[in-house]
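Encoded as structure tokens, the structure appears first; notes follow it.
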Amino acid sequence: MKTIVINNQKGGVGKTTLAVHLAWHIAETGGRVLLIDADAQGNATDTMKRHRGEVTAAELFRPVRAPVTGGAEGITLAASDSSLTDVDRGDATSIQQFRDNLRAGSAAFDVCIIDTPPSLGLRSVAALGLRGHFYINTR
Ligand SMILES: Nc1ncnc2c1ncn2[C@@H]1O[C@H](COP(=O)(O)OP(=O)(O)OP(=O)(O)O)[C@@H](O)[C@H]1O
Ligand SMILES: [Mg+2]
């Protein structure tokens with residue numbers, strides 16, 4: 001699974017637009033895409049809610065009983081909800097938790113796209129810190 005993180009601390013610069021179009025394009029070409037909406041504003045979730053999977057984005061920052069599932073062609077959305085803001089108020093163990101949960105689910109997807117909030121909190125750090133992955137920093 002390749003992971004693409006869309007991040008910029010500036011708001012309103014096209015992160016979500018890029019994340020959603022990229023996810024859609026990869027799915028249309030036959031890829032299995034995990035789209036994680038790590039922004040509590042939930043704009044990617046509003047657009048892609050039809051593709052909601054069983055695991056939410058907030059749950060990926062906590063110990064989860066089952067790894068994220070999906071695996072069919074197309075998009076599986078790890079949806080945003082308001083509890084995402086608690087992650088940035090919590091401790092840094094959520095960073096490793098997020099990485100472990102992604103690794104546990106990685107065989108089920110070809111590409112993971114992470115839409116991040118316009119701030120450098122724990123959620124963005126967890127996503128950006130994924131070693132050996134490819135980042136797009138929108139301007
Ligand atoms: N390439 C583009 N050309 C014109 N308008 C665009 C383009 N990309 C995004 N927009 C518009 O800019 C606005 C902000 O885009 P978007 O929500 O993707 O930004 P964002 O960086 O995700 O914002 P936030 O930081 O609040 O999450 C939207 O109205 C979107 O339709
Ligand atoms: Mg956005």
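Convention: chains lettered A, B, ... in structure tokens order; per-chain residue numbering from 1; ligands numbered from 1 as shown.
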
Contacts of A:Leu18 at 9 Å (only C-alpha atoms; same-chain gap of 3+ positions) as a PyMOL selection string: chain A and resi 6+14-15+21-23+115+138

Keeping C-alpha atoms for every residue in the selection just given, could you write it to a file as a tab-separated table (two decimals), in the first residue's frame?
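The resulting file, again.tsv, is shown below:
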chain	number	residue	atom	x	y	z
A	6	ILE	CA	-2.11	15.89	1.43
A	14	GLY	CA	-7.24	22.70	-2.24
A	15	LYS	CA	-6.12	19.81	-0.01
A	21	HIS	CA	-10.05	13.71	-7.05
A	22	LEU	CA	-6.93	11.61	-6.56
A	23	ALA	CA	-8.94	8.91	-4.74
A	115	ASP	CA	-6.59	14.41	3.90
A	138	THR	CA	-0.24	21.80	-1.74

7 Å from ligand 1 is the threshold here; counting only C-alpha atoms and all ligand atoms, which polymer residues fall inside it? Answer as number ranges by chain. A: 10-18, 39, 43, 117-118

Deliver the residues from the most recent selection as a file, using N, CA and C atoms, as an mmCIF file, in the first residue's frame.
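Contents of result-v7.cif, as written:
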data_model
loop_
_atom_site.group_PDB
_atom_site.id
_atom_site.type_symbol
_atom_site.label_atom_id
_atom_site.label_comp_id
_atom_site.auth_asym_id
_atom_site.auth_seq_id
_atom_site.Cartn_x
_atom_site.Cartn_y
_atom_site.Cartn_z
ATOM 1 N N LYS A 10 -1.801 25.947 5.792
ATOM 2 C CA LYS A 10 -2.709 27.000 5.344
ATOM 3 C C LYS A 10 -4.056 26.380 4.974
ATOM 4 N N GLY A 11 -5.142 27.033 5.312
ATOM 5 C CA GLY A 11 -6.468 26.518 5.001
ATOM 6 C C GLY A 11 -6.944 26.953 3.626
ATOM 7 N N GLY A 12 -7.850 26.175 3.075
ATOM 8 C CA GLY A 12 -8.542 26.567 1.855
ATOM 9 C C GLY A 12 -7.686 26.609 0.612
ATOM 10 N N VAL A 13 -6.665 25.755 0.557
ATOM 11 C CA VAL A 13 -5.750 25.803 -0.589
ATOM 12 C C VAL A 13 -5.918 24.595 -1.522
ATOM 13 N N GLY A 14 -6.950 23.787 -1.301
ATOM 14 C CA GLY A 14 -7.237 22.704 -2.245
ATOM 15 C C GLY A 14 -6.832 21.316 -1.793
ATOM 16 N N LYS A 15 -6.520 21.134 -0.502
ATOM 17 C CA LYS A 15 -6.120 19.806 -0.011
ATOM 18 C C LYS A 15 -7.221 18.768 -0.244
ATOM 19 N N THR A 16 -8.418 19.099 0.216
ATOM 20 C CA THR A 16 -9.511 18.136 0.119
ATOM 21 C C THR A 16 -9.904 17.883 -1.321
ATOM 22 N N THR A 17 -9.917 18.929 -2.116
ATOM 23 C CA THR A 17 -10.252 18.787 -3.541
ATOM 24 C C THR A 17 -9.280 17.811 -4.194
ATOM 25 N N LEU A 18 -7.997 17.992 -3.914
ATOM 26 C CA LEU A 18 -6.980 17.113 -4.483
ATOM 27 C C LEU A 18 -7.141 15.685 -3.958
ATOM 28 N N ASP A 39 -9.670 15.344 8.905
ATOM 29 C CA ASP A 39 -10.063 16.719 9.226
ATOM 30 C C ASP A 39 -11.473 16.726 9.806
ATOM 31 N N ASN A 43 -15.051 17.700 5.147
ATOM 32 C CA ASN A 43 -15.440 18.039 3.774
ATOM 33 C C ASN A 43 -15.291 16.844 2.828
ATOM 34 N N PRO A 117 -6.018 18.158 8.401
ATOM 35 C CA PRO A 117 -6.534 19.490 8.727
ATOM 36 C C PRO A 117 -5.472 20.564 8.481
ATOM 37 N N PRO A 118 -5.891 21.828 8.398
ATOM 38 C CA PRO A 118 -4.927 22.904 8.158
ATOM 39 C C PRO A 118 -4.208 23.337 9.435
#

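Here atom CA of A:Lys2 is placed at a distance of 28.4 Å from atom CA of A:Arg89.
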
Within 7 Å of A:Ile113, counting only C-alpha atoms, which residues qualify if same-chain residues fewer than 5 places away don't, as a PyMOL selection string? chain A and resi 3-5+19+23+34-36

Can you spit out the residues from that selection as an mmCIF file, in the first residue's frame, using C-alpha atoms?
data_model
loop_
_atom_site.group_PDB
_atom_site.id
_atom_site.type_symbol
_atom_site.label_atom_id
_atom_site.label_comp_id
_atom_site.auth_asym_id
_atom_site.auth_seq_id
_atom_site.Cartn_x
_atom_site.Cartn_y
_atom_site.Cartn_z
ATOM 1 C CA THR A 3 0.398 6.307 1.215
ATOM 2 C CA ILE A 4 -0.105 9.847 -0.084
ATOM 3 C CA VAL A 5 -0.539 12.588 2.497
ATOM 4 C CA ALA A 19 -7.489 14.195 -2.060
ATOM 5 C CA ALA A 23 -8.938 8.908 -4.743
ATOM 6 C CA LEU A 34 -8.387 3.868 1.509
ATOM 7 C CA LEU A 35 -9.326 7.547 1.879
ATOM 8 C CA ILE A 36 -8.779 8.815 5.415
#

List as a ChimeraX atom specification the protein and nucleic acid residues near A:Ala27, meaning an atom at most 7 Å away when only C-alpha atoms are counted, but skip any in the same chain fewer than 5 places from it. /A:32-33,73-75

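Residues of stretch 11-60 of chain A that DSSP places in strand (DSSP E), based on the backbone of this structure, are Arg32, Val33, Leu34, Leu35, Ile36 and Asp37 of chain A.
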
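The space between atom CA of A:Ala127 and atom CA of A:Ala57 spans 11.5 Å.
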
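Using only C-alpha atoms and all ligand atoms, the shortest contact distance between ligand 2 and any of A:Leu128, A:Ile114, A:Leu102, A:Met1 is found at A:Ile114.
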
Env of A:Val87: 7 Å cut, atoms = only C-alpha atoms, seq-sep filter 3 positions within chain, self excluded. Answer as a CSV table (one decimal) with C-alpha atoms, in the first residue's frame.
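Contents of selection-v2.csv, as written:
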chain,number,residue,atom,x,y,z
A,84,LEU,CA,-11.1,13.8,15.8
A,90,GLY,CA,-4.6,13.7,23.7
A,122,LEU,CA,-0.9,15.2,16.2
A,123,ARG,CA,-3.1,14.1,13.4

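Between atom CA of A:Thr56 and atom CA of A:Ala38 the separation is 9.3 Å.
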
Check chain A with DSSP on the backbone and list each residue it calls alpha helix (DSSP H), as an MDAnalysis selection string. chainID A and resid 15:28 43:48 57:60 84:89 93:105 122:128

Output of the above residues as a tab-separated table (two decimals), in the first residue's frame, restricted to N, CA and C atoms:
chain	number	residue	atom	x	y	z
A	15	LYS	N	-6.52	21.13	-0.50
A	15	LYS	CA	-6.12	19.81	-0.01
A	15	LYS	C	-7.22	18.77	-0.24
A	16	THR	N	-8.42	19.10	0.22
A	16	THR	CA	-9.51	18.14	0.12
A	16	THR	C	-9.90	17.88	-1.32
A	17	THR	N	-9.92	18.93	-2.12
A	17	THR	CA	-10.25	18.79	-3.54
A	17	THR	C	-9.28	17.81	-4.19
A	18	LEU	N	-8.00	17.99	-3.91
A	18	LEU	CA	-6.98	17.11	-4.48
A	18	LEU	C	-7.14	15.69	-3.96
A	19	ALA	N	-7.36	15.54	-2.66
A	19	ALA	CA	-7.49	14.20	-2.06
A	19	ALA	C	-8.65	13.43	-2.69
A	20	VAL	N	-9.78	14.08	-2.83
A	20	VAL	CA	-10.97	13.42	-3.36
A	20	VAL	C	-10.79	13.07	-4.84
A	21	HIS	N	-10.24	13.99	-5.63
A	21	HIS	CA	-10.05	13.71	-7.05
A	21	HIS	C	-9.02	12.61	-7.27
A	22	LEU	N	-7.97	12.64	-6.46
A	22	LEU	CA	-6.93	11.61	-6.56
A	22	LEU	C	-7.53	10.23	-6.22
A	23	ALA	N	-8.30	10.18	-5.15
A	23	ALA	CA	-8.94	8.91	-4.74
A	23	ALA	C	-9.84	8.40	-5.86
A	24	TRP	N	-10.61	9.29	-6.41
A	24	TRP	CA	-11.56	8.91	-7.47
A	24	TRP	C	-10.81	8.40	-8.70
A	25	HIS	N	-9.76	9.11	-9.08
A	25	HIS	CA	-8.97	8.72	-10.25
A	25	HIS	C	-8.36	7.32	-10.05
A	26	ILE	N	-7.78	7.08	-8.90
A	26	ILE	CA	-7.12	5.78	-8.67
A	26	ILE	C	-8.16	4.67	-8.64
A	27	ALA	N	-9.32	4.95	-8.05
A	27	ALA	CA	-10.39	3.95	-8.03
A	27	ALA	C	-10.89	3.65	-9.44
A	28	GLU	N	-11.00	4.67	-10.26
A	28	GLU	CA	-11.48	4.47	-11.64
A	28	GLU	C	-10.51	3.66	-12.47
A	43	ASN	N	-15.05	17.70	5.15
A	43	ASN	CA	-15.44	18.04	3.77
A	43	ASN	C	-15.29	16.84	2.83
A	44	ALA	N	-14.22	16.08	2.98
A	44	ALA	CA	-14.06	14.87	2.14
A	44	ALA	C	-15.17	13.86	2.48
A	45	THR	N	-15.52	13.78	3.75
A	45	THR	CA	-16.59	12.86	4.17
A	45	THR	C	-17.93	13.28	3.57
A	46	ASP	N	-18.21	14.57	3.55
A	46	ASP	CA	-19.46	15.04	2.93
A	46	ASP	C	-19.54	14.57	1.48
A	47	THR	N	-18.43	14.71	0.77
A	47	THR	CA	-18.42	14.37	-0.65
A	47	THR	C	-18.47	12.86	-0.87
A	48	MET	N	-17.78	12.10	-0.01
A	48	MET	CA	-17.57	10.67	-0.28
A	48	MET	C	-18.34	9.76	0.69
A	57	ALA	N	-12.02	7.58	10.89
A	57	ALA	CA	-10.66	8.13	10.99
A	57	ALA	C	-10.24	8.24	12.46
A	58	ALA	N	-11.14	8.67	13.32
A	58	ALA	CA	-10.79	8.84	14.74
A	58	ALA	C	-10.38	7.50	15.37
A	59	GLU	N	-11.06	6.43	14.96
A	59	GLU	CA	-10.73	5.10	15.52
A	59	GLU	C	-9.33	4.66	15.13
A	60	LEU	N	-8.84	5.14	14.00
A	60	LEU	CA	-7.48	4.76	13.59
A	60	LEU	C	-6.41	5.33	14.53
A	84	LEU	N	-12.50	13.64	16.26
A	84	LEU	CA	-11.14	13.79	15.75
A	84	LEU	C	-10.37	14.90	16.46
A	85	THR	N	-11.08	15.92	16.89
A	85	THR	CA	-10.37	17.04	17.55
A	85	THR	C	-9.79	16.59	18.89
A	86	ASP	N	-10.35	15.52	19.49
A	86	ASP	CA	-9.81	15.00	20.76
A	86	ASP	C	-8.40	14.45	20.57
A	87	VAL	N	-8.10	13.95	19.36
A	87	VAL	CA	-6.78	13.36	19.11
A	87	VAL	C	-5.69	14.39	19.39
A	88	ASP	N	-5.89	15.61	18.90
A	88	ASP	CA	-4.85	16.63	19.07
A	88	ASP	C	-4.74	17.11	20.52
A	89	ARG	N	-5.77	16.85	21.32
A	89	ARG	CA	-5.71	17.22	22.75
A	89	ARG	C	-5.16	16.08	23.60
A	93	THR	N	0.80	8.99	22.06
A	93	THR	CA	0.70	7.56	21.74
A	93	THR	C	-0.21	7.33	20.53
A	94	SER	N	-1.09	8.30	20.25
A	94	SER	CA	-1.99	8.15	19.10
A	94	SER	C	-1.22	8.14	17.78
A	95	ILE	N	-0.03	8.72	17.76
A	95	ILE	CA	0.77	8.74	16.53
A	95	ILE	C	1.16	7.32	16.15
A	96	GLN	N	1.73	6.59	17.14
A	96	GLN	CA	2.15	5.21	16.86
A	96	GLN	C	0.94	4.32	16.61
A	97	GLN	N	-0.15	4.60	17.34
A	97	GLN	CA	-1.37	3.82	17.16
A	97	GLN	C	-1.88	3.92	15.74
A	98	PHE	N	-1.87	5.14	15.21
A	98	PHE	CA	-2.31	5.39	13.84
A	98	PHE	C	-1.45	4.61	12.84
A	99	ARG	N	-0.16	4.69	13.04
A	99	ARG	CA	0.76	3.99	12.12
A	99	ARG	C	0.56	2.48	12.21
A	100	ASP	N	0.40	1.96	13.43
A	100	ASP	CA	0.20	0.51	13.59
A	100	ASP	C	-1.11	0.07	12.93
A	101	ASN	N	-2.16	0.85	13.11
A	101	ASN	CA	-3.45	0.49	12.52
A	101	ASN	C	-3.40	0.52	11.00
A	102	LEU	N	-2.70	1.50	10.45
A	102	LEU	CA	-2.56	1.55	8.98
A	102	LEU	C	-1.79	0.35	8.46
A	103	ARG	N	-0.72	0.03	9.18
A	103	ARG	CA	0.10	-1.11	8.76
A	103	ARG	C	-0.74	-2.39	8.80
A	104	ALA	N	-1.56	-2.54	9.82
A	104	ALA	CA	-2.38	-3.76	9.98
A	104	ALA	C	-3.38	-3.91	8.83
A	105	GLY	N	-3.83	-2.79	8.27
A	105	GLY	CA	-4.82	-2.87	7.19
A	105	GLY	C	-4.23	-2.74	5.80
A	122	LEU	N	-1.31	16.61	16.21
A	122	LEU	CA	-0.90	15.21	16.24
A	122	LEU	C	-1.37	14.43	15.02
A	123	ARG	N	-2.58	14.80	14.52
A	123	ARG	CA	-3.08	14.05	13.36
A	123	ARG	C	-2.20	14.26	12.14
A	124	SER	N	-1.80	15.49	11.90
A	124	SER	CA	-0.93	15.76	10.75
A	124	SER	C	0.45	15.15	10.95
A	125	VAL	N	0.95	15.24	12.18
A	125	VAL	CA	2.27	14.67	12.47
A	125	VAL	C	2.24	13.16	12.26
A	126	ALA	N	1.17	12.51	12.72
A	126	ALA	CA	1.05	11.05	12.54
A	126	ALA	C	1.04	10.70	11.06
A	127	ALA	N	0.31	11.45	10.27
A	127	ALA	CA	0.22	11.16	8.84
A	127	ALA	C	1.55	11.47	8.14
A	128	LEU	N	2.12	12.62	8.41
A	128	LEU	CA	3.34	13.03	7.72
A	128	LEU	C	4.55	12.22	8.13

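The shortest atom-to-atom distance to ligand 2, with only C-alpha atoms and all ligand atoms taken into account, belongs to A:Gly42 out of A:Gly42, A:Gly53, A:Gly129, A:Gly121.
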
Residue nearest ligand 2 among A:Thr116, A:Gln9, A:Thr69, A:Thr76 (counting only C-alpha atoms and all ligand atoms): A:Thr116

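The smallest atom-to-atom distance between ligand 2 and any of A:His51, A:Ser106, A:Gln41, A:Thr29, using only C-alpha atoms and all ligand atoms, is found for A:Gln41.
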